[in-house]
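Novice: If you scroll down you'll find the structure; I have some questions about it.
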Amino acid sequence: MNWKTRITDLFQIEYPIIQGGLAYLAYAELAAAVSNAGGLGQITAMSLPTAEDLRNEIRQLRSLSSKPFGVNFAIGMHGIGYEDRVQVAIDEQVPVVTITGGNPTPIVNMLKPTTIKSLVLVASRRQAQKAEQQGADAVIVVGQEGGGHLGRDDIGTMVLIPQVVDAVKIPVIASGGIGDGRGWMAAHALGAEGIEMGTRFIATQECVHASSSYKQALIDGSETDTIVIKRLIGAPARVLRNDYAQTILEIEKETPTYEAIKDYISGTANKRWIYDGIETEGFGFGGQVTGMIHDIPTVSELMKRMVDEAKDIRKKWGE
């Protein structure tokens, strides 16, 4: 079957499936596996200690895959500059840069003199239009079902995607609540030309940095086993429900300030569970798609499964 869309053409990939940025988890092994399976893998730049660490990670990825890949810049991370890391991405001539969690303008402007494609994550129609005006090559549109940081308006993927598709001319990639071939095809039916998956790619064998405890929680959880933290400080993020996350909610409700919860929502607290497996002392991002995760396949097995599901759906559609 022909899987060609503007996204596959733009990024020179076989399937319009993009791996999310995944703070502290999206490194060379996972990104290479996704790219080798026909999608677009990504490295998370801002989780690495230095710009040189990013350079090394890019080169490690290239030793594992000759396929296109992306580097994600989560520029909303507190107190971390990103210009030196963006310069590394430019120097290393990475194919794609994605920008999440902040004002994308400075990075988009840095990329304009290059051949690097820019991809901006948005959570509203207005943000998508602004990204298009700034020169982004495509947008990822995340609905409120997604894991990690979300928009403030609680708009679901099913409603948000067609709204954005109608509002911009650049390609739209759907994100939030997608974990199999059915979600992929549903996104196309809504007008998207590709999908991004984050939570589902955590529960794969090549996501080697994720603890077995964290992966098992993704398998065991249902669609109701996530909660949104940081809403009252204006930065909503969906995480897996546990006692630690409930404590964050309680503190936030009593004192809705960043200062009150900063130690609880730090990268260190995040890594205590996702790296060290200590669920009682940390939190883990996760979307509602956790209710659809029942195993930990290899990335290639997951991608093949999704393609087979999508083929069956397209046959039913008469394609």
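Chain lettering (A, B, ...) mirrors the order of the structure tokens, residue numbering begins at 1 for each chain separately, and ligand numbering begins at 1 in order of display.
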Set the distance at 8 Å and use only C-alpha atoms: which residues neighbour Gln205 (chain A) once local chain neighbours fewer than 3 positions away are removed? I'd like the list as an mmCIF file with N, CA, C and O atoms, in the first residue's frame.

Specialist:
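Result saved to selection.cif:
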data_model
loop_
_atom_site.group_PDB
_atom_site.id
_atom_site.type_symbol
_atom_site.label_atom_id
_atom_site.label_comp_id
_atom_site.auth_asym_id
_atom_site.auth_seq_id
_atom_site.Cartn_x
_atom_site.Cartn_y
_atom_site.Cartn_z
ATOM 1 N N VAL A 208 15.344 1.711 26.469
ATOM 2 C CA VAL A 208 16.163 0.990 27.443
ATOM 3 C C VAL A 208 16.338 1.743 28.760
ATOM 4 O O VAL A 208 16.694 1.140 29.775
ATOM 5 N N ILE A 296 5.135 -5.336 25.809
ATOM 6 C CA ILE A 296 6.351 -4.556 25.570
ATOM 7 C C ILE A 296 7.065 -5.177 24.363
ATOM 8 O O ILE A 296 8.023 -5.951 24.513
ATOM 9 N N PRO A 297 6.599 -4.852 23.170
ATOM 10 C CA PRO A 297 7.210 -5.429 21.964
ATOM 11 C C PRO A 297 8.489 -4.688 21.593
ATOM 12 O O PRO A 297 8.831 -3.660 22.197
ATOM 13 N N THR A 298 9.196 -5.206 20.602
ATOM 14 C CA THR A 298 10.231 -4.400 19.981
ATOM 15 C C THR A 298 9.542 -3.311 19.157
ATOM 16 O O THR A 298 8.363 -3.418 18.812
ATOM 17 N N VAL A 299 10.290 -2.266 18.840
ATOM 18 C CA VAL A 299 9.713 -1.204 18.012
ATOM 19 C C VAL A 299 9.287 -1.750 16.656
ATOM 20 O O VAL A 299 8.216 -1.408 16.146
#

Novice: As a list in words, please: the residues near region 215-219 of chain A (cut-off 10 Å, only C-alpha atoms, same-chain neighbours under 5 positions excluded).

Specialist: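 Listing them by chain and then by number gives Thr199, Arg200, Ile202, Ala203, Thr204, Gln205, Cys207, Ala210, Asp225, Leu240, Arg241, Asn242, Ile274, Gly277, Glu279, Gly284, Phe285, Gly286, Gly287, Gln288, Val289, Thr290, Gly291, Met292, Ile293, His294, Asp295 and Ile296 of chain A.
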
Novice: Where does region 174-291 of chain A meet region 47-61 of chain A within 12 Å, residue by residue, with the nearest atom pair and distance in Å to one decimal for each, counting only C-alpha atoms, listed by chain and rising number, as a Markdown table?

Specialist:
| residue | atom | partner | partner_atom | distance |
| --- | --- | --- | --- | --- |
| A:Ser266 | CA | A:Ser47 | CA | 11.9 |
| A:Gly267 | CA | A:Ser47 | CA | 8.6 |
| A:Thr268 | CA | A:Ser47 | CA | 11.1 |
| A:Asn270 | CA | A:Ser47 | CA | 11.5 |
| A:Lys271 | CA | A:Ser47 | CA | 10.8 |

Novice: What is the distance between CA of Ile116 (chain A) and CA of Gly177 (chain A), in Å to one decimal?

Specialist: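 Computing it gives 28.3 Å between the two atoms.
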
Novice: Extract, using only C-alpha atoms, all DNA, RNA and protein residues at most 12 Å from Asn2 (chain A), discarding same-chain residues fewer than 5 positions from it, and format them as an NGL selection string.

Specialist: :A and (8 or 14-16 or 307 or 310-311 or 314 or 319)

Novice: Env of Gly181 (chain A): 10 Å cut, atoms = only C-alpha atoms, seq-sep filter 4 positions within chain, self excluded. Answer as a short mmCIF file (atom, residue, chain, number, x, y, z; two decimals) with N, CA, C and O atoms, in the first residue's frame.

Specialist:
data_model
loop_
_atom_site.label_atom_id
_atom_site.label_comp_id
_atom_site.auth_asym_id
_atom_site.auth_seq_id
_atom_site.Cartn_x
_atom_site.Cartn_y
_atom_site.Cartn_z
N MET A 185 -5.22 5.55 11.59
CA MET A 185 -6.17 5.77 10.49
C MET A 185 -7.24 6.79 10.87
O MET A 185 -7.71 7.57 10.02
N ALA A 186 -7.64 6.82 12.13
CA ALA A 186 -8.60 7.83 12.58
C ALA A 186 -8.03 9.23 12.40
O ALA A 186 -8.73 10.16 11.98
N ALA A 187 -6.73 9.38 12.69
CA ALA A 187 -6.08 10.67 12.52
C ALA A 187 -6.12 11.11 11.05
O ALA A 187 -6.38 12.27 10.74
N LEU A 302 6.01 -3.52 17.00
CA LEU A 302 4.91 -2.57 17.16
C LEU A 302 4.55 -1.90 15.85
O LEU A 302 3.37 -1.79 15.49
N MET A 303 5.55 -1.45 15.11
CA MET A 303 5.29 -0.78 13.84
C MET A 303 4.64 -1.73 12.84
O MET A 303 3.70 -1.35 12.12
N LYS A 304 5.11 -2.98 12.77
CA LYS A 304 4.50 -3.95 11.85
C LYS A 304 3.05 -4.20 12.22
O LYS A 304 2.17 -4.28 11.35
N ARG A 305 2.79 -4.31 13.51
CA ARG A 305 1.41 -4.51 13.98
C ARG A 305 0.52 -3.35 13.56
O ARG A 305 -0.60 -3.55 13.07
N MET A 306 1.03 -2.15 13.72
CA MET A 306 0.24 -0.97 13.35
C MET A 306 -0.01 -0.92 11.84
O MET A 306 -1.12 -0.59 11.40
N VAL A 307 1.01 -1.24 11.06
CA VAL A 307 0.84 -1.23 9.61
C VAL A 307 -0.19 -2.29 9.20
O VAL A 307 -1.06 -2.04 8.35
N ASP A 308 -0.12 -3.47 9.81
CA ASP A 308 -1.10 -4.52 9.48
C ASP A 308 -2.52 -4.09 9.85
O ASP A 308 -3.47 -4.32 9.08
N GLU A 309 -2.67 -3.46 11.01
CA GLU A 309 -3.99 -2.96 11.40
C GLU A 309 -4.48 -1.89 10.43
O GLU A 309 -5.66 -1.89 10.04
N ALA A 310 -3.59 -1.00 10.04
CA ALA A 310 -3.96 0.06 9.11
C ALA A 310 -4.33 -0.51 7.75
O ALA A 310 -5.27 -0.03 7.10
N LYS A 311 -3.61 -1.53 7.30
CA LYS A 311 -3.94 -2.18 6.02
C LYS A 311 -5.35 -2.75 6.06
O LYS A 311 -6.12 -2.59 5.10
N ASP A 312 -5.69 -3.44 7.15
CA ASP A 312 -7.03 -4.02 7.27
C ASP A 312 -8.11 -2.95 7.21
O ASP A 312 -9.16 -3.13 6.57
N ILE A 313 -7.86 -1.83 7.87
CA ILE A 313 -8.84 -0.74 7.86
C ILE A 313 -8.98 -0.16 6.46
O ILE A 313 -10.10 0.07 5.97
#

Novice: Can you list, as a VMD selection string, every residue of region 23-129 of chain A that DSSP puts in alpha helix (DSSP H)?

Specialist: chain A and resid 28 to 36 51 to 64 83 to 91 105 to 111 125 to 129

Novice: Tell me, as a PDB file with N, CA and C atoms, in the first residue's frame, which residues lie within 10 Å of Arg231 (chain A), counting only C-alpha atoms; anything in the same chain fewer than 6 positions away does not count.

Specialist:
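Heads up, here's the output in selection.pdb:
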ATOM      1  N   HIS A 149       3.169  17.305  28.738  1.00  0.00           N
ATOM      2  CA  HIS A 149       2.596  18.651  28.792  1.00  0.00           C
ATOM      3  C   HIS A 149       1.537  18.857  27.714  1.00  0.00           C
ATOM      4  N   LEU A 150       0.469  19.510  28.096  1.00  0.00           N
ATOM      5  CA  LEU A 150      -0.729  19.648  27.279  1.00  0.00           C
ATOM      6  C   LEU A 150      -1.127  21.115  27.156  1.00  0.00           C
ATOM      7  N   GLY A 151      -2.154  21.345  26.343  1.00  0.00           N
ATOM      8  CA  GLY A 151      -2.740  22.674  26.277  1.00  0.00           C
ATOM      9  C   GLY A 151      -3.605  22.962  27.494  1.00  0.00           C
ATOM     10  N   ARG A 152      -3.985  24.216  27.631  1.00  0.00           N
ATOM     11  CA  ARG A 152      -4.749  24.630  28.809  1.00  0.00           C
ATOM     12  C   ARG A 152      -6.255  24.538  28.613  1.00  0.00           C
ATOM     13  N   ALA A 237       0.079  18.939  32.832  1.00  0.00           N
ATOM     14  CA  ALA A 237       0.825  17.788  32.322  1.00  0.00           C
ATOM     15  C   ALA A 237       0.164  16.516  32.818  1.00  0.00           C
ATOM     16  N   ARG A 238      -0.016  15.563  31.903  1.00  0.00           N
ATOM     17  CA  ARG A 238      -0.673  14.301  32.273  1.00  0.00           C
ATOM     18  C   ARG A 238       0.374  13.274  32.696  1.00  0.00           C
ATOM     19  N   LEU A 249      -0.856  16.961  43.543  1.00  0.00           N
ATOM     20  CA  LEU A 249      -2.165  17.609  43.385  1.00  0.00           C
ATOM     21  C   LEU A 249      -2.621  18.269  44.689  1.00  0.00           C
ATOM     22  N   GLU A 252      -0.524  21.371  45.357  1.00  0.00           N
ATOM     23  CA  GLU A 252      -0.878  22.384  44.365  1.00  0.00           C
ATOM     24  C   GLU A 252      -2.225  23.031  44.687  1.00  0.00           C
ATOM     25  N   LYS A 253      -3.160  22.215  45.150  1.00  0.00           N
ATOM     26  CA  LYS A 253      -4.477  22.750  45.493  1.00  0.00           C
ATOM     27  C   LYS A 253      -4.390  23.704  46.683  1.00  0.00           C
ATOM     28  N   PRO A 256      -1.128  27.003  45.112  1.00  0.00           N
ATOM     29  CA  PRO A 256      -0.961  26.874  43.655  1.00  0.00           C
ATOM     30  C   PRO A 256       0.138  27.762  43.084  1.00  0.00           C
TER      31      PRO A 256
END

Novice: Closest to Ala45 (chain A) among A:Leu22, A:Val108, A:Val120, A:Ile17, using only C-alpha atoms?

Specialist: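 Once distances to Ala45 (chain A) are computed over only C-alpha atoms, the minimum belongs to A:Leu22.
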
Novice: Considering only C-alpha atoms, state which residue in the set A:Ile170, A:Ile261, A:Ile155, A:Ile233 is at the smallest distance from Lys130 (chain A).

Specialist: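 Nearest candidate to Lys130 (chain A) out of A:Ile170, A:Ile261, A:Ile155, A:Ile233: A:Ile170.
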
Novice: Out of A:Gly198, A:Gly176, A:Gly135, A:Gly70, which residue has the shortest atom-to-atom distance to Asn109 (chain A) when counting only C-alpha atoms?

Specialist: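 So, comparing all the options, the nearest one is A:Gly135.
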
Novice: What's the separation between CA of Thr105 (chain A) and CA of Arg126 (chain A), in Å to one decimal place?

Specialist: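 Computing the Euclidean distance for CA of Thr105 (chain A) and CA of Arg126 (chain A) yields 14.7 Å.
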
Novice: Between CA of Asn72 (chain A) and CA of Thr280 (chain A), what is the distance, to one decimal in Å?

Specialist: 29.0 Å

Novice: Report the residues of region 132-315 of chain A whose backbone DSSP state falls under strand (DSSP E), written as a PyMOL selection string.

Specialist: chain A and resi 138-142+148-149+172-175+194-197+226-229+237-240

Novice: Quick one: residues within 9 Å of Ala128 (chain A), only C-alpha atoms counted, chain neighbours fewer than 5 positions away excluded, as a list in words?

Specialist: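 Listing them by chain and then by number gives Val120, Leu121, Val122, Ala123, Gln133, Ala138, Val139, Ile140, Val141, Val164, Ala167, Val168 and Val172 of chain A.
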
Novice: Please, could you write that set of residues out with N, CA, C and O atoms as an mmCIF file, in the first residue's frame?

Specialist:
data_model
loop_
_atom_site.group_PDB
_atom_site.id
_atom_site.type_symbol
_atom_site.label_atom_id
_atom_site.label_comp_id
_atom_site.auth_asym_id
_atom_site.auth_seq_id
_atom_site.Cartn_x
_atom_site.Cartn_y
_atom_site.Cartn_z
ATOM 1 N N VAL A 120 6.731 22.079 15.015
ATOM 2 C CA VAL A 120 6.350 22.728 16.275
ATOM 3 C C VAL A 120 5.138 22.024 16.877
ATOM 4 O O VAL A 120 4.141 21.790 16.178
ATOM 5 N N LEU A 121 5.229 21.700 18.164
ATOM 6 C CA LEU A 121 4.087 21.102 18.863
ATOM 7 C C LEU A 121 3.165 22.203 19.364
ATOM 8 O O LEU A 121 3.621 23.158 20.006
ATOM 9 N N VAL A 122 1.870 22.062 19.097
ATOM 10 C CA VAL A 122 0.878 23.049 19.507
ATOM 11 C C VAL A 122 -0.315 22.334 20.144
ATOM 12 O O VAL A 122 -0.490 21.132 19.981
ATOM 13 N N ALA A 123 -1.125 23.113 20.855
ATOM 14 C CA ALA A 123 -2.298 22.535 21.509
ATOM 15 C C ALA A 123 -3.551 23.356 21.242
ATOM 16 O O ALA A 123 -4.558 23.194 21.921
ATOM 17 N N GLN A 133 2.853 30.961 10.582
ATOM 18 C CA GLN A 133 3.306 32.310 10.244
ATOM 19 C C GLN A 133 4.802 32.481 10.497
ATOM 20 O O GLN A 133 5.498 33.204 9.770
ATOM 21 N N ALA A 138 5.760 22.097 9.622
ATOM 22 C CA ALA A 138 4.595 21.293 9.987
ATOM 23 C C ALA A 138 4.326 21.509 11.471
ATOM 24 O O ALA A 138 5.174 22.042 12.200
ATOM 25 N N VAL A 139 3.140 21.106 11.916
ATOM 26 C CA VAL A 139 2.810 21.186 13.340
ATOM 27 C C VAL A 139 2.357 19.829 13.849
ATOM 28 O O VAL A 139 1.704 19.063 13.129
ATOM 29 N N ILE A 140 2.725 19.543 15.094
ATOM 30 C CA ILE A 140 2.157 18.427 15.839
ATOM 31 C C ILE A 140 1.074 19.007 16.729
ATOM 32 O O ILE A 140 1.321 19.954 17.470
ATOM 33 N N VAL A 141 -0.116 18.444 16.666
ATOM 34 C CA VAL A 141 -1.246 18.964 17.426
ATOM 35 C C VAL A 141 -1.618 17.939 18.489
ATOM 36 O O VAL A 141 -2.023 16.820 18.160
ATOM 37 N N VAL A 164 -7.657 22.421 13.473
ATOM 38 C CA VAL A 164 -6.351 22.911 13.051
ATOM 39 C C VAL A 164 -6.135 22.656 11.561
ATOM 40 O O VAL A 164 -5.603 23.508 10.846
ATOM 41 N N ALA A 167 -7.481 25.289 9.602
ATOM 42 C CA ALA A 167 -6.959 26.630 9.896
ATOM 43 C C ALA A 167 -5.584 26.904 9.293
ATOM 44 O O ALA A 167 -5.169 28.062 9.219
ATOM 45 N N VAL A 168 -4.837 25.850 8.911
ATOM 46 C CA VAL A 168 -3.481 26.044 8.393
ATOM 47 C C VAL A 168 -3.307 25.306 7.074
ATOM 48 O O VAL A 168 -4.056 24.385 6.761
ATOM 49 N N VAL A 172 -0.351 18.710 9.162
ATOM 50 C CA VAL A 172 -0.717 18.533 10.568
ATOM 51 C C VAL A 172 -0.450 17.090 10.978
ATOM 52 O O VAL A 172 -0.827 16.149 10.267
#

Novice: Using only C-alpha atoms, which of A:Glu196, A:Asp84, A:Trp317, A:Leu119 sits nearest Gly143 (chain A)?

Specialist: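 Under the stated criterion, the closest residue is A:Glu196.
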
Novice: Which of these residues is nearest to Pro68 (chain A), using only C-alpha atoms: A:Ala174, A:Ile13, A:Ala26, A:Met110?

Specialist: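 Closest residue, counting only C-alpha atoms: A:Ile13.
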
Novice: Hey, which of A:Gly38, A:Val71, A:Tyr275, A:Gln246 ends up closest to His209 (chain A)? Count only C-alpha atoms.

Specialist: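 Using only C-alpha atoms, His209 (chain A) sits closest to A:Tyr275.
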